[in-house]
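**Q** What follows is my_file_15.cif; its format and atoms are mmCIF, C-alpha atoms.
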data_structure
loop_
_atom_site.group_PDB
_atom_site.id
_atom_site.type_symbol
_atom_site.label_atom_id
_atom_site.label_comp_id
_atom_site.auth_asym_id
_atom_site.auth_seq_id
_atom_site.Cartn_x
_atom_site.Cartn_y
_atom_site.Cartn_z
ATOM 1 C CA MET L 57 -24.900 1.589 -2.004
ATOM 2 C CA ALA L 58 -26.460 -1.866 -1.760
ATOM 3 C CA ASP L 59 -26.142 -3.759 1.503
ATOM 4 C CA ALA L 60 -22.489 -4.208 2.377
ATOM 5 C CA GLY L 61 -21.164 -6.800 4.771
ATOM 6 C CA VAL L 62 -18.309 -9.004 5.896
ATOM 7 C CA GLU L 63 -18.516 -12.714 6.549
ATOM 8 C CA ILE L 64 -16.289 -15.770 6.803
ATOM 9 C CA ALA L 65 -15.357 -17.125 3.397
ATOM 10 C CA THR L 66 -16.293 -20.735 2.691
ATOM 11 C CA ALA L 67 -15.227 -23.301 0.124
ATOM 12 C CA ALA L 68 -18.060 -22.022 -2.080
ATOM 13 C CA ASP L 69 -16.271 -18.630 -2.226
ATOM 14 C CA LEU L 70 -12.904 -20.028 -3.274
ATOM 15 C CA SER L 71 -13.169 -19.452 -7.021
ATOM 16 C CA GLU L 72 -14.279 -15.846 -6.504
ATOM 17 C CA ILE L 73 -11.437 -15.145 -4.051
ATOM 18 C CA VAL L 74 -8.900 -16.574 -6.501
ATOM 19 C CA ARG L 75 -10.440 -14.501 -9.308
ATOM 20 C CA ILE L 76 -10.308 -11.282 -7.265
ATOM 21 C CA HIS L 77 -6.697 -11.952 -6.270
ATOM 22 C CA ARG L 78 -5.628 -12.726 -9.834
ATOM 23 C CA GLU L 79 -7.454 -9.893 -11.594
ATOM 24 C CA THR L 80 -6.697 -7.218 -9.015
ATOM 25 C CA TRP L 81 -2.996 -8.041 -8.907
ATOM 26 C CA ARG L 82 -2.812 -8.145 -12.707
ATOM 27 C CA LEU L 83 -4.279 -4.664 -12.819
ATOM 28 C CA ALA L 84 -2.573 -3.099 -9.793
ATOM 29 C CA TYR L 85 0.867 -4.670 -10.167
ATOM 30 C CA ALA L 86 1.321 -4.823 -13.940
ATOM 31 C CA GLU L 87 4.159 -2.296 -13.653
ATOM 32 C CA LEU L 88 5.773 -4.009 -10.642
ATOM 33 C CA LEU L 89 5.697 -7.700 -11.502
ATOM 34 C CA PRO L 90 6.702 -9.619 -14.632
ATOM 35 C CA GLN L 91 3.818 -10.989 -16.695
ATOM 36 C CA ASP L 92 4.848 -14.611 -16.066
ATOM 37 C CA VAL L 93 4.535 -14.033 -12.302
ATOM 38 C CA LEU L 94 1.102 -12.473 -12.747
ATOM 39 C CA ASP L 95 0.094 -15.421 -14.946
ATOM 40 C CA THR L 96 0.796 -17.916 -12.137
ATOM 41 C CA LEU L 97 -1.445 -16.416 -9.463
ATOM 42 C CA ASP L 98 -3.972 -19.242 -9.563
ATOM 43 C CA ALA L 99 -2.741 -20.834 -6.325
ATOM 44 C CA ASP L 100 -6.036 -22.559 -5.522
ATOM 45 C CA ASP L 101 -4.442 -24.953 -3.009
ATOM 46 C CA ALA L 102 -2.997 -22.176 -0.862
ATOM 47 C CA TRP L 103 -6.299 -20.302 -0.914
ATOM 48 C CA ALA L 104 -8.211 -23.483 -0.098
ATOM 49 C CA LEU L 105 -6.083 -23.998 3.027
ATOM 50 C CA ALA L 106 -6.545 -20.380 4.133
ATOM 51 C CA VAL L 107 -10.304 -20.562 3.615
ATOM 52 C CA GLN L 108 -10.542 -23.941 5.339
ATOM 53 C CA SER L 109 -8.667 -22.597 8.378
ATOM 54 C CA GLY L 110 -11.162 -19.743 8.746
ATOM 55 C CA ALA L 111 -8.502 -17.086 8.103
ATOM 56 C CA VAL L 112 -10.327 -15.463 5.166
ATOM 57 C CA LEU L 113 -13.177 -12.991 5.481
ATOM 58 C CA LYS L 114 -14.978 -11.756 2.386
ATOM 59 C CA ALA L 115 -16.550 -8.368 1.745
ATOM 60 C CA THR L 116 -19.861 -8.288 -0.035
ATOM 61 C CA GLU L 117 -21.979 -5.628 -1.636
ATOM 62 C CA GLY L 118 -25.407 -6.890 -2.488
ATOM 63 C CA GLU L 119 -24.905 -10.271 -4.134
ATOM 64 C CA TRP L 120 -21.274 -9.586 -5.122
ATOM 65 C CA THR L 121 -18.060 -10.608 -3.392
ATOM 66 C CA VAL L 122 -15.904 -7.496 -3.731
ATOM 67 C CA GLY L 123 -12.815 -8.185 -1.641
ATOM 68 C CA PHE L 124 -11.268 -10.192 1.153
ATOM 69 C CA VAL L 125 -8.823 -10.145 4.032
ATOM 70 C CA VAL L 126 -6.573 -12.951 5.182
ATOM 71 C CA ALA L 127 -5.854 -12.553 8.889
ATOM 72 C CA SER L 128 -4.075 -14.891 11.284
ATOM 73 C CA LYS L 129 -1.261 -15.037 13.809
ATOM 74 C CA ALA L 130 1.902 -13.725 12.198
ATOM 75 C CA PRO L 131 4.612 -16.343 11.685
ATOM 76 C CA ASP L 132 7.849 -15.460 13.471
ATOM 77 C CA GLY L 133 9.618 -14.813 10.168
ATOM 78 C CA GLU L 134 7.049 -12.177 9.215
ATOM 79 C CA VAL L 135 7.133 -10.288 12.518
ATOM 80 C CA ALA L 136 10.885 -10.471 13.201
ATOM 81 C CA LYS L 137 12.861 -7.256 13.357
ATOM 82 C CA ALA L 138 15.364 -6.497 10.596
ATOM 83 C CA ASP L 139 18.130 -8.103 12.693
ATOM 84 C CA GLY L 140 16.100 -11.325 13.011
ATOM 85 C CA THR L 141 15.134 -10.925 16.660
ATOM 86 C CA LEU L 142 11.527 -11.146 17.704
ATOM 87 C CA PRO L 143 9.747 -8.195 19.304
ATOM 88 C CA ASP L 144 8.250 -8.643 22.758
ATOM 89 C CA ASP L 145 4.747 -8.843 21.280
ATOM 90 C CA ALA L 146 5.555 -11.437 18.582
ATOM 91 C CA ALA L 147 3.155 -13.978 20.105
ATOM 92 C CA THR L 148 0.255 -11.517 19.870
ATOM 93 C CA THR L 149 0.983 -10.036 16.445
ATOM 94 C CA ALA L 150 -1.328 -10.818 13.531
ATOM 95 C CA LEU L 151 -0.566 -10.751 9.810
ATOM 96 C CA LEU L 152 -3.209 -9.227 7.541
ATOM 97 C CA SER L 153 -3.519 -8.917 3.796
ATOM 98 C CA VAL L 154 -6.446 -6.938 2.358
ATOM 99 C CA LEU L 155 -7.569 -6.852 -1.240
ATOM 100 C CA VAL L 156 -10.601 -5.068 -2.690
ATOM 101 C CA GLU L 157 -11.304 -4.998 -6.397
ATOM 102 C CA PRO L 158 -10.545 -1.490 -7.694
ATOM 103 C CA ARG L 159 -14.022 -1.044 -9.163
ATOM 104 C CA TRP L 160 -15.441 -1.509 -5.642
ATOM 105 C CA GLY L 161 -12.806 0.653 -3.959
ATOM 106 C CA ARG L 162 -13.339 3.759 -1.827
ATOM 107 C CA ARG L 163 -16.666 2.406 -0.555
ATOM 108 C CA GLY L 164 -15.482 1.298 2.904
ATOM 109 C CA HIS L 165 -15.039 -2.388 2.112
ATOM 110 C CA GLY L 166 -11.359 -2.504 3.104
ATOM 111 C CA THR L 167 -12.024 -0.757 6.401
ATOM 112 C CA ARG L 168 -14.950 -3.075 7.148
ATOM 113 C CA LEU L 169 -12.749 -6.089 6.416
ATOM 114 C CA VAL L 170 -9.947 -4.908 8.698
ATOM 115 C CA ALA L 171 -12.375 -3.873 11.461
ATOM 116 C CA GLU L 172 -14.011 -7.318 11.486
ATOM 117 C CA ALA L 173 -10.670 -9.109 11.268
ATOM 118 C CA ALA L 174 -9.377 -6.936 14.129
ATOM 119 C CA ARG L 175 -12.431 -7.771 16.239
ATOM 120 C CA ARG L 176 -11.926 -11.500 15.668
ATOM 121 C CA LEU L 177 -8.177 -11.317 16.252
ATOM 122 C CA ASP L 178 -8.727 -9.350 19.456
ATOM 123 C CA GLU L 179 -10.826 -12.272 20.731
ATOM 124 C CA THR L 180 -7.784 -14.548 20.259
ATOM 125 C CA GLY L 181 -5.482 -12.217 22.228
ATOM 126 C CA ALA L 182 -3.862 -10.467 19.274
ATOM 127 C CA THR L 183 -2.739 -6.921 20.083
ATOM 128 C CA ARG L 184 -1.119 -5.621 16.915
ATOM 129 C CA GLY L 185 -1.318 -6.173 13.183
ATOM 130 C CA ILE L 186 1.261 -6.111 10.429
ATOM 131 C CA ALA L 187 1.000 -6.151 6.654
ATOM 132 C CA TRP L 188 3.556 -6.238 3.845
ATOM 133 C CA VAL L 189 2.943 -3.764 1.027
ATOM 134 C CA PRO L 190 4.937 -3.183 -2.156
ATOM 135 C CA GLU L 191 6.824 0.055 -1.596
ATOM 136 C CA ALA L 192 5.529 1.434 -4.916
ATOM 137 C CA ASP L 193 1.880 0.640 -4.041
ATOM 138 C CA LYS L 194 0.867 4.086 -2.814
ATOM 139 C CA ALA L 195 -2.856 3.234 -2.683
ATOM 140 C CA SER L 196 -2.348 0.344 -0.257
ATOM 141 C CA ARG L 197 0.122 2.290 1.862
ATOM 142 C CA ASN L 198 -2.353 5.196 2.070
ATOM 143 C CA PHE L 199 -5.136 2.782 3.049
ATOM 144 C CA TYR L 200 -3.137 1.439 5.988
ATOM 145 C CA GLU L 201 -2.063 4.942 7.014
ATOM 146 C CA ARG L 202 -5.735 5.980 7.195
ATOM 147 C CA LEU L 203 -6.195 3.099 9.636
ATOM 148 C CA GLY L 204 -3.400 4.461 11.800
ATOM 149 C CA TRP L 205 -0.806 1.938 10.635
ATOM 150 C CA THR L 206 2.662 3.164 9.730
ATOM 151 C CA GLY L 207 5.867 1.757 8.345
ATOM 152 C CA ASP L 208 7.912 0.196 11.134
ATOM 153 C CA GLY L 209 11.227 0.534 9.315
ATOM 154 C CA THR L 210 11.420 -3.070 8.141
ATOM 155 C CA VAL L 211 11.754 -3.734 4.421
ATOM 156 C CA ARG L 212 12.362 -6.833 2.361
ATOM 157 C CA THR L 213 13.138 -7.483 -1.261
ATOM 158 C CA LEU L 214 11.479 -10.449 -2.910
ATOM 159 C CA ASP L 215 12.517 -12.136 -6.118
ATOM 160 C CA ALA L 216 9.492 -11.661 -8.348
ATOM 161 C CA GLY L 217 10.410 -13.752 -11.350
ATOM 162 C CA GLY L 218 13.877 -12.272 -11.632
ATOM 163 C CA ARG L 219 12.720 -8.747 -10.835
ATOM 164 C CA PRO L 220 13.243 -7.371 -7.320
ATOM 165 C CA LEU L 221 10.075 -6.338 -5.489
ATOM 166 C CA ARG L 222 10.715 -4.163 -2.457
ATOM 167 C CA GLU L 223 8.079 -4.353 0.277
ATOM 168 C CA VAL L 224 7.648 -2.293 3.424
ATOM 169 C CA ARG L 225 6.068 -3.620 6.572
ATOM 170 C CA VAL L 226 3.327 -1.522 8.109
ATOM 171 C CA SER L 227 2.136 -2.028 11.634
ATOM 172 C CA GLY L 228 -0.677 -0.778 13.777
ATOM 173 C CA PRO L 229 -3.128 -1.423 16.553
ATOM 174 C CA LEU L 230 -6.053 -3.781 16.167
ATOM 175 C CA SER L 231 -8.386 -1.018 17.266
ATOM 176 C CA VAL L 232 -9.811 -0.300 13.827
ATOM 177 C CA ARG L 233 -13.416 0.689 14.240
ATOM 178 C CA LEU L 234 -16.004 1.738 11.729
ATOM 179 C CA GLY L 235 -17.027 5.410 11.728
ATOM 180 C CA ASP L 236 -20.532 6.503 12.507
#
Taking this structure as input, can you express it in the form of structure tokens?

**A**
Amino acid sequence: MADAGVEIATAADLSEIVRIHRETWRLAYAELLPQDVLDTLDADDAWALAVQSGAVLKATEGEWTVGFVVASKAPDGEVAKADGTLPDDAATTALLSVLVEPRWGRRGHGTRLVAEAARRLDETGATRGIAWVPEADKASRNFYERLGWTGDGTVRTLDAGGRPLREVRVSGPLSVRLGD
């Protein structure tokens, strides 16, 4: 494998991050989301804000950007329990979302992304991470389970262009470390 790394995404990376998001979701979620939803994934403004805030790390292999993670403090609405109350550690809970292009998968990029995000979040006082994953997305759920993250019993159903999309919340420690 060529040199692999993780670094902070910059404005120069924005078009590649949007492309990875769009193409990976169109491939991975074609069965879960309506085509018109998949066709509107070019949310450059939202990505620009995330990149500008320093919340996006990119994975590289050689000269290629192969994936990314968005990691920041979890908004109260994302970390709340099913009954709406906040857990004791709400102030130190981070929200992560990892995406690696399938053709670059199973090469450690996702783990490297989460490990670096966890290291950076730990420096800000974060103690736990959460992520929302489509219930039917077995690959993503397995990825988080390999990191020691498990479903915490909270689910939500989103309106995905008139089609319900059920997501499960996974949670785990920010102690992800790379193997030897």

**Q** Name the closest residue to Thr213 of chain L among the candidates L:Leu152, L:Ala86, L:Val226, L:Val189; distances are taken between atoms, counting only C-alpha atoms.

**A**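 For Thr213 of chain L, the nearest of the given residues is L:Val189.
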
**Q** I want to know what sits within 8 Å of Ser231 of chain L, based on only C-alpha atoms, with residues of the same chain fewer than 3 positions away left out; could you give that as number ranges by chain?

**A** L: 171, 174-175

**Q** Carefully work through the PyMOL selection byres ((chain L and resi 134-145) around 12) for this structure and note down the residues it includes, as a compact mmCIF listing (two decimals) with C-alpha atoms, in the frame of the given file.

**A**
# COMPACT_ATOMS: atom_id res chain seq x y z
CA SER L 128 -4.08 -14.89 11.28
CA LYS L 129 -1.26 -15.04 13.81
CA ALA L 130 1.90 -13.72 12.20
CA PRO L 131 4.61 -16.34 11.68
CA ASP L 132 7.85 -15.46 13.47
CA GLY L 133 9.62 -14.81 10.17
CA ALA L 146 5.56 -11.44 18.58
CA ALA L 147 3.16 -13.98 20.10
CA THR L 148 0.26 -11.52 19.87
CA THR L 149 0.98 -10.04 16.44
CA ALA L 150 -1.33 -10.82 13.53
CA LEU L 151 -0.57 -10.75 9.81
CA LEU L 152 -3.21 -9.23 7.54
CA GLY L 181 -5.48 -12.22 22.23
CA ALA L 182 -3.86 -10.47 19.27
CA THR L 183 -2.74 -6.92 20.08
CA ARG L 184 -1.12 -5.62 16.92
CA GLY L 185 -1.32 -6.17 13.18
CA ILE L 186 1.26 -6.11 10.43
CA ALA L 187 1.00 -6.15 6.65
CA TRP L 188 3.56 -6.24 3.84
CA ASP L 208 7.91 0.20 11.13
CA GLY L 209 11.23 0.53 9.32
CA THR L 210 11.42 -3.07 8.14
CA VAL L 211 11.75 -3.73 4.42
CA ARG L 212 12.36 -6.83 2.36
CA GLU L 223 8.08 -4.35 0.28
CA VAL L 224 7.65 -2.29 3.42
CA ARG L 225 6.07 -3.62 6.57
CA VAL L 226 3.33 -1.52 8.11
CA SER L 227 2.14 -2.03 11.63
CA PRO L 229 -3.13 -1.42 16.55

**Q** Could you please determine the separation between atom CA of Leu221 of chain L and atom CA of Arg82 of chain L in Å, to one decimal place?

**A**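 Straight-line distance from atom CA of Leu221 of chain L to atom CA of Arg82 of chain L works out to 14.9 Å.
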
**Q** Which residues match the PyMOL selection byres ((chain L and resi 65) around 8) in the file above, as number ranges by chain?

**A** L: 63-64, 66-70, 107, 110, 112-114

**Q** Would you work out the distance separating atom CA of Val93 of chain L from atom CA of Gly217 of chain L, expressed in Å to one decimal?

**A** 6.0 Å

**Q** Kindly indicate which residue among L:Thr206, L:Thr167, L:Pro190, L:Val156 lies nearest to Pro220 of chain L, using all atoms listed in the file for the distances.

**A**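 Using all atoms listed in the file, Pro220 of chain L sits closest to L:Pro190.
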
**Q** Might you spell out which residues the PyMOL selection byres ((chain L and resi 80) around 12) would select in the displayed file, as a PyMOL selection string?

**A** chain L and resi 72-79+81-86+94+97+122-124+154-161

**Q** As a list in words, please: the residues near Thr116 of chain L (cut-off 7 Å, all atoms listed in the file, same-chain neighbours under 3 positions excluded).

**A** Ala60, Gly61, Val62, Glu119, Trp120, Thr121 and Val122 of chain L

**Q** Pull segment 157-168 of chain L out of the block and emit all heavy atoms, as a PDB file, in the first residue's frame.

**A**
ATOM      1  N   GLU L 157     -14.395   5.672   0.592  1.00  0.00           N
ATOM      2  CA  GLU L 157     -14.858   5.128  -0.680  1.00  0.00           C
ATOM      3  C   GLU L 157     -14.701   3.610  -0.672  1.00  0.00           C
ATOM      4  O   GLU L 157     -13.660   3.101  -0.252  1.00  0.00           O
ATOM      5  CB  GLU L 157     -14.046   5.690  -1.848  1.00  0.00           C
ATOM      6  CG  GLU L 157     -14.468   7.053  -2.297  1.00  0.00           C
ATOM      7  CD  GLU L 157     -13.788   7.421  -3.591  1.00  0.00           C
ATOM      8  OE1 GLU L 157     -12.638   7.882  -3.526  1.00  0.00           O
ATOM      9  OE2 GLU L 157     -14.408   7.241  -4.660  1.00  0.00           O
ATOM     10  N   PRO L 158     -15.718   2.879  -1.139  1.00  0.00           N
ATOM     11  CA  PRO L 158     -15.643   1.418  -1.111  1.00  0.00           C
ATOM     12  C   PRO L 158     -14.400   0.841  -1.784  1.00  0.00           C
ATOM     13  O   PRO L 158     -13.829  -0.127  -1.289  1.00  0.00           O
ATOM     14  CB  PRO L 158     -16.920   0.986  -1.837  1.00  0.00           C
ATOM     15  CG  PRO L 158     -17.877   2.102  -1.582  1.00  0.00           C
ATOM     16  CD  PRO L 158     -17.032   3.351  -1.599  1.00  0.00           C
ATOM     17  N   ARG L 159     -13.946   1.428  -2.863  1.00  0.00           N
ATOM     18  CA  ARG L 159     -12.774   0.871  -3.545  1.00  0.00           C
ATOM     19  C   ARG L 159     -11.504   1.001  -2.718  1.00  0.00           C
ATOM     20  O   ARG L 159     -10.511   0.340  -2.999  1.00  0.00           O
ATOM     21  CB  ARG L 159     -12.590   1.509  -4.916  1.00  0.00           C
ATOM     22  CG  ARG L 159     -12.278   2.984  -4.872  1.00  0.00           C
ATOM     23  CD  ARG L 159     -12.279   3.571  -6.277  1.00  0.00           C
ATOM     24  NE  ARG L 159     -12.237   4.999  -6.233  1.00  0.00           N
ATOM     25  CZ  ARG L 159     -11.439   5.721  -6.984  1.00  0.00           C
ATOM     26  NH1 ARG L 159     -10.614   5.145  -7.834  1.00  0.00           N
ATOM     27  NH2 ARG L 159     -11.466   7.031  -6.901  1.00  0.00           N
ATOM     28  N   TRP L 160     -11.528   1.845  -1.676  1.00  0.00           N
ATOM     29  CA  TRP L 160     -10.376   2.005  -0.791  1.00  0.00           C
ATOM     30  C   TRP L 160     -10.641   1.360   0.571  1.00  0.00           C
ATOM     31  O   TRP L 160      -9.851   1.528   1.506  1.00  0.00           O
ATOM     32  CB  TRP L 160     -10.061   3.495  -0.600  1.00  0.00           C
ATOM     33  CG  TRP L 160      -9.670   4.194  -1.853  1.00  0.00           C
ATOM     34  CD1 TRP L 160     -10.475   4.962  -2.652  1.00  0.00           C
ATOM     35  CD2 TRP L 160      -8.392   4.200  -2.479  1.00  0.00           C
ATOM     36  NE1 TRP L 160      -9.772   5.445  -3.720  1.00  0.00           N
ATOM     37  CE2 TRP L 160      -8.481   4.993  -3.634  1.00  0.00           C
ATOM     38  CE3 TRP L 160      -7.167   3.603  -2.164  1.00  0.00           C
ATOM     39  CZ2 TRP L 160      -7.406   5.208  -4.482  1.00  0.00           C
ATOM     40  CZ3 TRP L 160      -6.095   3.831  -3.014  1.00  0.00           C
ATOM     41  CH2 TRP L 160      -6.223   4.622  -4.152  1.00  0.00           C
ATOM     42  N   GLY L 161     -11.746   0.654   0.693  1.00  0.00           N
ATOM     43  CA  GLY L 161     -12.129   0.061   1.965  1.00  0.00           C
ATOM     44  C   GLY L 161     -11.244  -1.100   2.382  1.00  0.00           C
ATOM     45  O   GLY L 161     -10.480  -1.656   1.595  1.00  0.00           O
ATOM     46  N   ARG L 162     -11.356  -1.446   3.653  1.00  0.00           N
ATOM     47  CA  ARG L 162     -10.656  -2.598   4.254  1.00  0.00           C
ATOM     48  C   ARG L 162      -9.136  -2.446   4.158  1.00  0.00           C
ATOM     49  O   ARG L 162      -8.403  -3.405   4.062  1.00  0.00           O
ATOM     50  CB  ARG L 162     -11.119  -3.906   3.622  1.00  0.00           C
ATOM     51  CG  ARG L 162     -12.616  -3.993   3.493  1.00  0.00           C
ATOM     52  CD  ARG L 162     -13.409  -4.993   4.200  1.00  0.00           C
ATOM     53  NE  ARG L 162     -12.829  -5.979   5.007  1.00  0.00           N
ATOM     54  CZ  ARG L 162     -13.191  -6.179   6.270  1.00  0.00           C
ATOM     55  NH1 ARG L 162     -14.063  -5.399   6.838  1.00  0.00           N
ATOM     56  NH2 ARG L 162     -12.680  -7.152   6.952  1.00  0.00           N
ATOM     57  N   ARG L 163      -8.684  -1.185   4.189  1.00  0.00           N
ATOM     58  CA  ARG L 163      -7.246  -0.903   4.154  1.00  0.00           C
ATOM     59  C   ARG L 163      -6.816  -0.098   5.371  1.00  0.00           C
ATOM     60  O   ARG L 163      -5.708   0.418   5.412  1.00  0.00           O
ATOM     61  CB  ARG L 163      -6.896  -0.153   2.862  1.00  0.00           C
ATOM     62  CG  ARG L 163      -7.181  -0.990   1.614  1.00  0.00           C
ATOM     63  CD  ARG L 163      -7.158  -0.157   0.352  1.00  0.00           C
ATOM     64  NE  ARG L 163      -5.841   0.267  -0.030  1.00  0.00           N
ATOM     65  CZ  ARG L 163      -5.120  -0.274  -1.008  1.00  0.00           C
ATOM     66  NH1 ARG L 163      -5.615  -1.291  -1.688  1.00  0.00           N
ATOM     67  NH2 ARG L 163      -3.941   0.192  -1.313  1.00  0.00           N
ATOM     68  N   GLY L 164      -7.717   0.045   6.362  1.00  0.00           N
ATOM     69  CA  GLY L 164      -7.387   0.742   7.599  1.00  0.00           C
ATOM     70  C   GLY L 164      -7.665   2.232   7.605  1.00  0.00           C
ATOM     71  O   GLY L 164      -7.437   2.900   8.615  1.00  0.00           O
ATOM     72  N   HIS L 165      -8.185   2.765   6.497  1.00  0.00           N
ATOM     73  CA  HIS L 165      -8.411   4.211   6.443  1.00  0.00           C
ATOM     74  C   HIS L 165      -9.449   4.674   7.462  1.00  0.00           C
ATOM     75  O   HIS L 165      -9.252   5.690   8.134  1.00  0.00           O
ATOM     76  CB  HIS L 165      -8.828   4.645   5.036  1.00  0.00           C
ATOM     77  CG  HIS L 165      -7.773   4.402   4.010  1.00  0.00           C
ATOM     78  ND1 HIS L 165      -6.537   5.004   4.053  1.00  0.00           N
ATOM     79  CD2 HIS L 165      -7.765   3.609   2.903  1.00  0.00           C
ATOM     80  CE1 HIS L 165      -5.815   4.608   3.018  1.00  0.00           C
ATOM     81  NE2 HIS L 165      -6.535   3.749   2.307  1.00  0.00           N
ATOM     82  N   GLY L 166     -10.551   3.955   7.590  1.00  0.00           N
ATOM     83  CA  GLY L 166     -11.588   4.340   8.549  1.00  0.00           C
ATOM     84  C   GLY L 166     -11.067   4.337   9.976  1.00  0.00           C
ATOM     85  O   GLY L 166     -11.327   5.269  10.748  1.00  0.00           O
ATOM     86  N   THR L 167     -10.315   3.309  10.325  1.00  0.00           N
ATOM     87  CA  THR L 167      -9.757   3.227  11.675  1.00  0.00           C
ATOM     88  C   THR L 167      -8.763   4.354  11.920  1.00  0.00           C
ATOM     89  O   THR L 167      -8.760   4.976  12.988  1.00  0.00           O
ATOM     90  CB  THR L 167      -9.093   1.861  11.907  1.00  0.00           C
ATOM     91  OG1 THR L 167     -10.075   0.839  11.674  1.00  0.00           O
ATOM     92  CG2 THR L 167      -8.556   1.731  13.319  1.00  0.00           C
ATOM     93  N   ARG L 168      -7.922   4.646  10.924  1.00  0.00           N
ATOM     94  CA  ARG L 168      -6.984   5.764  11.069  1.00  0.00           C
ATOM     95  C   ARG L 168      -7.723   7.081  11.267  1.00  0.00           C
ATOM     96  O   ARG L 168      -7.334   7.919  12.086  1.00  0.00           O
ATOM     97  CB  ARG L 168      -6.057   5.858   9.850  1.00  0.00           C
ATOM     98  CG  ARG L 168      -4.836   4.975   9.941  1.00  0.00           C
ATOM     99  CD  ARG L 168      -3.849   5.273   8.815  1.00  0.00           C
ATOM    100  NE  ARG L 168      -4.338   4.839   7.513  1.00  0.00           N
ATOM    101  CZ  ARG L 168      -4.323   3.572   7.106  1.00  0.00           C
ATOM    102  NH1 ARG L 168      -3.845   2.621   7.896  1.00  0.00           N
ATOM    103  NH2 ARG L 168      -4.783   3.242   5.915  1.00  0.00           N
TER     104      ARG L 168
END
